[in-house]
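Listing of run.cif, mmCIF, C-alpha atoms and all ligand atoms
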```cif
data_structure
#
loop_
_atom_site.label_atom_id
_atom_site.label_comp_id
_atom_site.auth_asym_id
_atom_site.auth_seq_id
_atom_site.Cartn_x
_atom_site.Cartn_y
_atom_site.Cartn_z
CA MET A 1 -143.44 -45.50 -169.65
CA THR A 2 -146.95 -44.42 -170.70
CA ARG A 3 -148.27 -46.20 -173.78
CA PRO A 4 -148.85 -43.91 -176.75
CA GLU A 5 -152.39 -43.42 -178.05
CA PRO A 6 -152.56 -45.24 -181.42
CA THR A 7 -153.04 -43.04 -184.49
CA ASP A 8 -153.74 -43.83 -188.15
CA VAL A 9 -150.29 -42.65 -189.23
CA GLU A 10 -148.36 -45.42 -190.95
CA HIS A 11 -144.56 -45.31 -190.87
CA GLU A 12 -142.89 -46.55 -194.01
CA VAL A 13 -140.62 -49.58 -193.86
CA LYS A 14 -138.44 -49.45 -196.99
CA SER A 15 -137.44 -52.53 -198.96
CA VAL A 16 -133.81 -52.08 -197.85
CA ASP A 17 -134.74 -51.88 -194.17
CA LEU A 18 -133.91 -54.83 -191.95
CA ILE A 19 -135.20 -54.22 -188.43
CA VAL A 20 -133.38 -56.41 -185.91
CA SER A 21 -133.75 -57.09 -182.21
CA LYS A 22 -132.61 -59.76 -179.78
CA SER A 23 -134.07 -60.76 -176.46
CA ASP A 24 -133.54 -62.91 -173.40
CA GLU A 25 -135.71 -65.94 -172.64
CA ALA A 26 -138.54 -63.76 -171.29
CA GLY A 27 -138.65 -61.56 -174.41
CA ASN A 28 -136.86 -58.60 -172.81
CA ILE A 29 -134.89 -56.64 -175.39
CA THR A 30 -131.11 -57.07 -175.26
CA TYR A 31 -130.17 -55.58 -178.66
CA VAL A 32 -131.74 -53.29 -181.26
CA ASN A 33 -130.18 -52.10 -184.52
CA PRO A 34 -130.23 -48.44 -185.63
CA ILE A 35 -133.20 -48.86 -188.00
CA PHE A 36 -135.26 -50.41 -185.18
CA ILE A 37 -134.59 -47.26 -183.12
CA LYS A 38 -135.36 -44.96 -186.06
CA ILE A 39 -138.70 -46.56 -187.01
CA SER A 40 -139.97 -47.22 -183.48
CA GLY A 41 -139.14 -43.67 -182.38
CA TYR A 42 -137.80 -44.86 -179.01
CA THR A 43 -134.27 -44.22 -177.75
CA GLN A 44 -131.99 -47.22 -177.36
CA ALA A 45 -131.90 -46.67 -173.58
CA SER A 46 -135.70 -46.77 -173.33
CA LEU A 47 -135.83 -50.06 -175.28
CA LEU A 48 -133.05 -52.12 -173.69
CA GLU A 49 -134.21 -54.49 -170.94
CA LYS A 50 -137.86 -53.69 -171.74
CA PRO A 51 -140.28 -56.38 -172.93
CA HIS A 52 -140.88 -56.56 -176.69
CA ALA A 53 -144.52 -55.95 -175.79
CA ILE A 54 -143.56 -52.25 -175.66
CA LEU A 55 -144.25 -52.43 -179.42
CA ARG A 56 -147.53 -54.28 -179.09
CA HIS A 57 -150.28 -52.71 -181.16
CA PRO A 58 -153.89 -53.13 -179.96
CA ASP A 59 -154.85 -54.34 -183.46
CA MET A 60 -152.74 -57.49 -182.98
CA PRO A 61 -154.72 -60.60 -181.96
CA LYS A 62 -153.41 -62.48 -178.92
CA VAL A 63 -153.48 -65.81 -180.72
CA ILE A 64 -150.64 -64.72 -183.04
CA PHE A 65 -148.29 -64.12 -180.09
CA LYS A 66 -149.44 -67.33 -178.45
CA TYR A 67 -148.53 -69.21 -181.64
CA LEU A 68 -145.20 -67.33 -181.82
CA TRP A 69 -144.14 -68.15 -178.26
CA LYS A 70 -145.24 -71.79 -178.41
CA ASN A 71 -143.09 -72.33 -181.48
CA ILE A 72 -139.97 -70.34 -180.64
CA LYS A 73 -139.80 -71.99 -177.20
CA GLU A 74 -139.81 -75.35 -178.97
CA GLY A 75 -136.98 -74.13 -181.21
CA ASN A 76 -139.15 -73.67 -184.31
CA ASP A 77 -138.61 -70.49 -186.35
CA VAL A 78 -141.72 -68.39 -186.84
CA VAL A 79 -142.46 -66.13 -189.82
CA ALA A 80 -145.40 -63.86 -189.00
CA TYR A 81 -146.94 -60.52 -189.91
CA VAL A 82 -146.86 -57.97 -187.11
CA LYS A 83 -148.32 -54.48 -186.78
CA ASN A 84 -146.15 -52.54 -184.33
CA LEU A 85 -146.86 -49.41 -182.33
CA CYS A 86 -144.37 -46.51 -182.52
CA ALA A 87 -143.50 -44.05 -179.76
CA ASP A 88 -145.61 -41.37 -181.49
CA GLY A 89 -148.68 -43.65 -181.71
CA GLY A 90 -148.12 -44.40 -185.40
CA TYR A 91 -147.64 -47.93 -186.68
CA TYR A 92 -145.67 -50.05 -189.13
CA TRP A 93 -146.26 -53.47 -190.63
CA VAL A 94 -143.51 -56.05 -190.95
CA LEU A 95 -142.98 -59.68 -191.81
CA ALA A 96 -140.96 -60.89 -188.84
CA THR A 97 -138.79 -63.99 -188.62
CA VAL A 98 -138.29 -64.92 -184.98
CA LYS A 99 -135.91 -67.68 -183.94
CA MET A 100 -134.00 -69.07 -181.01
CA ALA A 101 -130.21 -69.05 -181.16
CA LYS A 102 -128.30 -71.62 -179.14
CA ASN A 103 -124.79 -71.70 -177.72
CA PRO A 104 -122.35 -74.35 -178.99
CA ASP A 105 -123.21 -76.49 -175.93
CA GLY A 106 -126.89 -76.41 -176.91
CA SER A 107 -128.01 -74.02 -174.18
CA PHE A 108 -130.19 -71.00 -174.89
CA ARG A 109 -128.33 -67.94 -176.23
CA ASN A 110 -131.11 -65.52 -177.25
CA TYR A 111 -134.20 -65.00 -179.37
CA MET A 112 -133.72 -62.91 -182.47
CA SER A 113 -136.20 -61.18 -184.74
CA THR A 114 -135.50 -59.81 -188.21
CA ARG A 115 -138.28 -57.78 -189.80
CA ARG A 116 -138.84 -56.69 -193.36
CA CYS A 117 -141.42 -54.61 -195.23
CA ILE A 118 -144.59 -56.28 -196.48
CA THR A 119 -146.44 -56.15 -199.81
CA LYS A 120 -149.87 -54.62 -200.33
CA ARG A 121 -151.25 -58.07 -201.17
CA ALA A 122 -150.00 -59.54 -197.89
CA LYS A 123 -151.26 -56.55 -195.92
CA ASP A 124 -154.75 -56.75 -197.46
CA ILE A 125 -155.08 -60.45 -196.59
CA ILE A 126 -153.58 -60.22 -193.11
CA ILE A 127 -155.60 -57.17 -192.08
CA VAL A 128 -158.82 -59.08 -192.81
CA LEU A 129 -157.61 -62.16 -190.88
CA TYR A 130 -156.39 -60.18 -187.86
CA LEU A 131 -159.57 -58.04 -187.73
CA LYS A 132 -161.63 -61.22 -187.63
CA LEU A 133 -159.45 -62.82 -184.93
CA LEU A 134 -159.51 -59.66 -182.81
CA ASP A 135 -163.26 -59.21 -183.20
CA ILE A 136 -163.96 -62.80 -182.07
CA GLU A 137 -161.39 -62.46 -179.25
CA LYS A 138 -163.23 -59.37 -177.93
CA LYS A 139 -166.75 -60.74 -178.37
CA GLU A 140 -166.31 -64.43 -177.56
CA GLY A 141 -162.89 -64.76 -175.93
CA GLU A 142 -159.48 -66.17 -176.73
CA GLU A 143 -160.57 -69.78 -177.21
CA ALA A 144 -163.05 -68.80 -179.92
CA SER A 145 -160.36 -66.72 -181.64
CA GLU A 146 -157.98 -69.69 -181.49
CA ALA A 147 -160.64 -71.89 -183.11
CA ILE A 148 -160.90 -69.41 -186.02
CA PHE A 149 -157.09 -69.38 -186.29
CA GLU A 150 -156.99 -73.20 -186.36
CA ARG A 151 -159.65 -73.20 -189.09
CA PHE A 152 -157.62 -70.69 -191.12
CA LEU A 153 -154.57 -72.97 -190.79
CA SER A 154 -156.39 -76.12 -191.88
CA GLU A 155 -158.24 -74.37 -194.74
CA ASN A 156 -154.85 -73.30 -196.10
CA GLY A 157 -153.19 -76.69 -195.71
CA ILE A 158 -150.95 -75.44 -192.90
CA THR A 159 -150.07 -78.50 -190.83
CA ASP A 160 -146.86 -77.49 -189.05
CA SER A 161 -144.54 -74.54 -188.46
CA ASN A 162 -142.71 -75.11 -191.76
CA SER A 163 -145.88 -74.90 -193.83
CA PHE A 164 -146.99 -71.90 -191.74
CA ASN A 165 -143.74 -70.08 -192.53
CA GLU A 166 -143.89 -70.98 -196.23
CA TYR A 167 -147.49 -69.74 -196.49
CA MET A 168 -146.59 -66.41 -194.85
CA LYS A 169 -143.49 -65.94 -197.02
CA ASN A 170 -145.46 -66.70 -200.19
CA LEU A 171 -148.08 -64.09 -199.30
CA ASN A 172 -145.34 -61.47 -199.30
CA LYS A 173 -144.26 -62.13 -202.91
C1 LIG B 1 -137.25 -61.81 -180.38
C2 LIG B 1 -138.68 -61.37 -180.18
C3 LIG B 1 -139.18 -60.32 -180.92
C4 LIG B 1 -140.48 -59.86 -180.74
N1 LIG B 1 -140.91 -58.81 -181.49
C5 LIG B 1 -142.13 -58.30 -181.27
C6 LIG B 1 -142.58 -57.17 -182.00
O1 LIG B 1 -141.89 -56.64 -182.88
N2 LIG B 1 -143.82 -56.69 -181.70
C7 LIG B 1 -144.63 -57.26 -180.76
O2 LIG B 1 -145.74 -56.75 -180.53
N3 LIG B 1 -144.24 -58.36 -180.08
C8 LIG B 1 -143.03 -58.90 -180.32
N4 LIG B 1 -142.63 -60.01 -179.63
C9 LIG B 1 -143.61 -60.69 -178.77
C10 LIG B 1 -143.69 -60.10 -177.39
O3 LIG B 1 -142.77 -60.75 -176.55
C11 LIG B 1 -145.12 -60.26 -176.79
O4 LIG B 1 -145.48 -61.62 -176.72
C12 LIG B 1 -146.20 -59.52 -177.60
O5 LIG B 1 -145.87 -58.18 -177.78
C13 LIG B 1 -147.57 -59.59 -176.93
O6 LIG B 1 -147.53 -59.02 -175.69
P1 LIG B 1 -148.19 -59.75 -174.44
O7 LIG B 1 -147.61 -61.15 -174.46
O8 LIG B 1 -147.76 -58.94 -173.26
O9 LIG B 1 -149.65 -59.71 -174.71
C14 LIG B 1 -141.32 -60.49 -179.79
C15 LIG B 1 -140.83 -61.57 -179.04
C16 LIG B 1 -139.53 -62.00 -179.23
C17 LIG B 1 -139.00 -63.16 -178.44
#
```

Now that the file is in, can you turn its structure into C-alpha cells?
Amino acid sequence: MTRPEPTDVEHEVKSVDLIVSKSDEAGNITYVNPIFIKISGYTQASLLEKPHAILRHPDMPKVIFKYLWKNIKEGNDVVAYVKNLCADGGYYWVLATVKMAKNPDGSFRNYMSTRRCITKRAKDIIIVLYLKLLDIEKKEGEEASEAIFERFLSENGITDSNSFNEYMKNLNK
C-alpha cells in the first residue's frame, strides 16, 4: 500500500466518537470498530493484519512511540496524544489509551487502543511539544529528542506511567 501524501485537512473527531482497535503482540491490527474505518478512510480489509504504523503521521516524534511500547509491553497503560494519518492524506488528533489485555491464565491476549477527541487547549500544548521533539530528532537524533522528552517529564513532575497518564488526561479537560 502506498503511503498517502499528508495534507493540511483535519478530520473531525466528535465528542461521541470512540475509535477502537486491537492488535497482536507485534502491533498488527486484529480488530477495528466502524468509526475507526470511517475516520481513517481505509476499508476493514486493508487494515486487518496490517501494522498500526499504517496510521503513522510524519509529525509524530519517535520518542512518543518508544515510550508507548516500553510501557505497554511492561503491562502499564499509556494515555497519549496521537496525530494520525488518514487514507486521503488528512489527519486527526486523538487522546489514545493503549493497554494490554491478558487471558485468565495471565498470558497475553491483545493490545487495545481506545481514542477520543481532544480539546483545543491540549492540542495547542501538544503541538508545541511534538514540534520541538521532532525538530531535535531531525537535527540532532533520537537520543537528543529523548533527552528533551525526559526534561519535559521531570519539569512537569511526571515520575512514572501513572503520573504521565494523569497529566495527559488533565490537559484534555
Ligand atoms: C493497540 C495499539 C494501537 C496503536 N495505535 C496507533 C495509532 O493510532 N497511530 C500510530 O501512529 N501508532 C499506533 N500504534 C503504534 C504503532 O505500533 C507504531 O509503533 C507507530 O505507528 C510508529 O511506527 P514505527 O514504530 O514503525 O515507527 C499503536 C500500537 C498499538 C499496540

key: Expected answer as a PyMOL selection string: all residues with atoms within 7 Å of (-141.4, -66.2, -188.6), all atoms listed in the file   = chain A and resi 77-80+96-98+165

query = So what do you get for atom CA of Asn84 of chain A versus atom CA of Ser15 of chain A, distance-wise?
reply =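 It comes out at 17.0 Å.
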
key: Surrounding residues as an MDAnalysis selection string, ligand LIG 1 (chain B), max 9 Å, only C-alpha atoms and all ligand atoms   = chainID A and resid 20:29 51:58 60:62 64:66 68:69 72:73 82:85 94 96:100 110:115

ask   = Hey, can you check how far atom CA of Thr30 of chain A sits from atom CA of Lys14 of chain A?
value =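 Computed distance, atom CA of Thr30 of chain A to atom CA of Lys14 of chain A, equals 24.2 Å.
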
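Put simply, atom CA of Thr119 of chain A is 15.5 Å away from atom CA of Tyr91 of chain A.
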
query = With distances taken over only C-alpha atoms, which of A:Phe164, A:Leu171, A:Asp59, A:Arg3 is nearest to Asn76 of chain A?
reply = A:Phe164

task = Go through A:Thr7, A:Leu95, A:Met168, A:Tyr81 one by one, measure the shortest atom-to-atom distance of each to Ile127 of chain A using all atoms listed in the file, and give the residue with the smallest value.
result =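 For Ile127 of chain A, the nearest of the candidates is A:Tyr81.
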
request  = Name the closest residue to Phe108 of chain A among the candidates A:Glu74, A:Glu140, A:Glu5, A:Glu150; distances are taken between atoms, counting all atoms listed in the file.
outcome  = A:Glu74

message = With only C-alpha atoms as the counted atoms, please give the residues lying no more than 9 Å from Arg121 of chain A, apart from itself and same-chain residues fewer than 5 positions off, as number ranges by chain.
response = A: 126, 171-173

request  = Pick out the closest residue to Asn71 of chain A from this set: A:Glu49, A:Asp8, A:Glu146, A:Asp160. Count all atoms listed in the file.
outcome  = A:Asp160

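Distance check against Val32 of chain A using all atoms listed in the file: of A:Ile148, A:Leu18, A:Leu48, A:Ala122, the minimum falls on A:Leu48.
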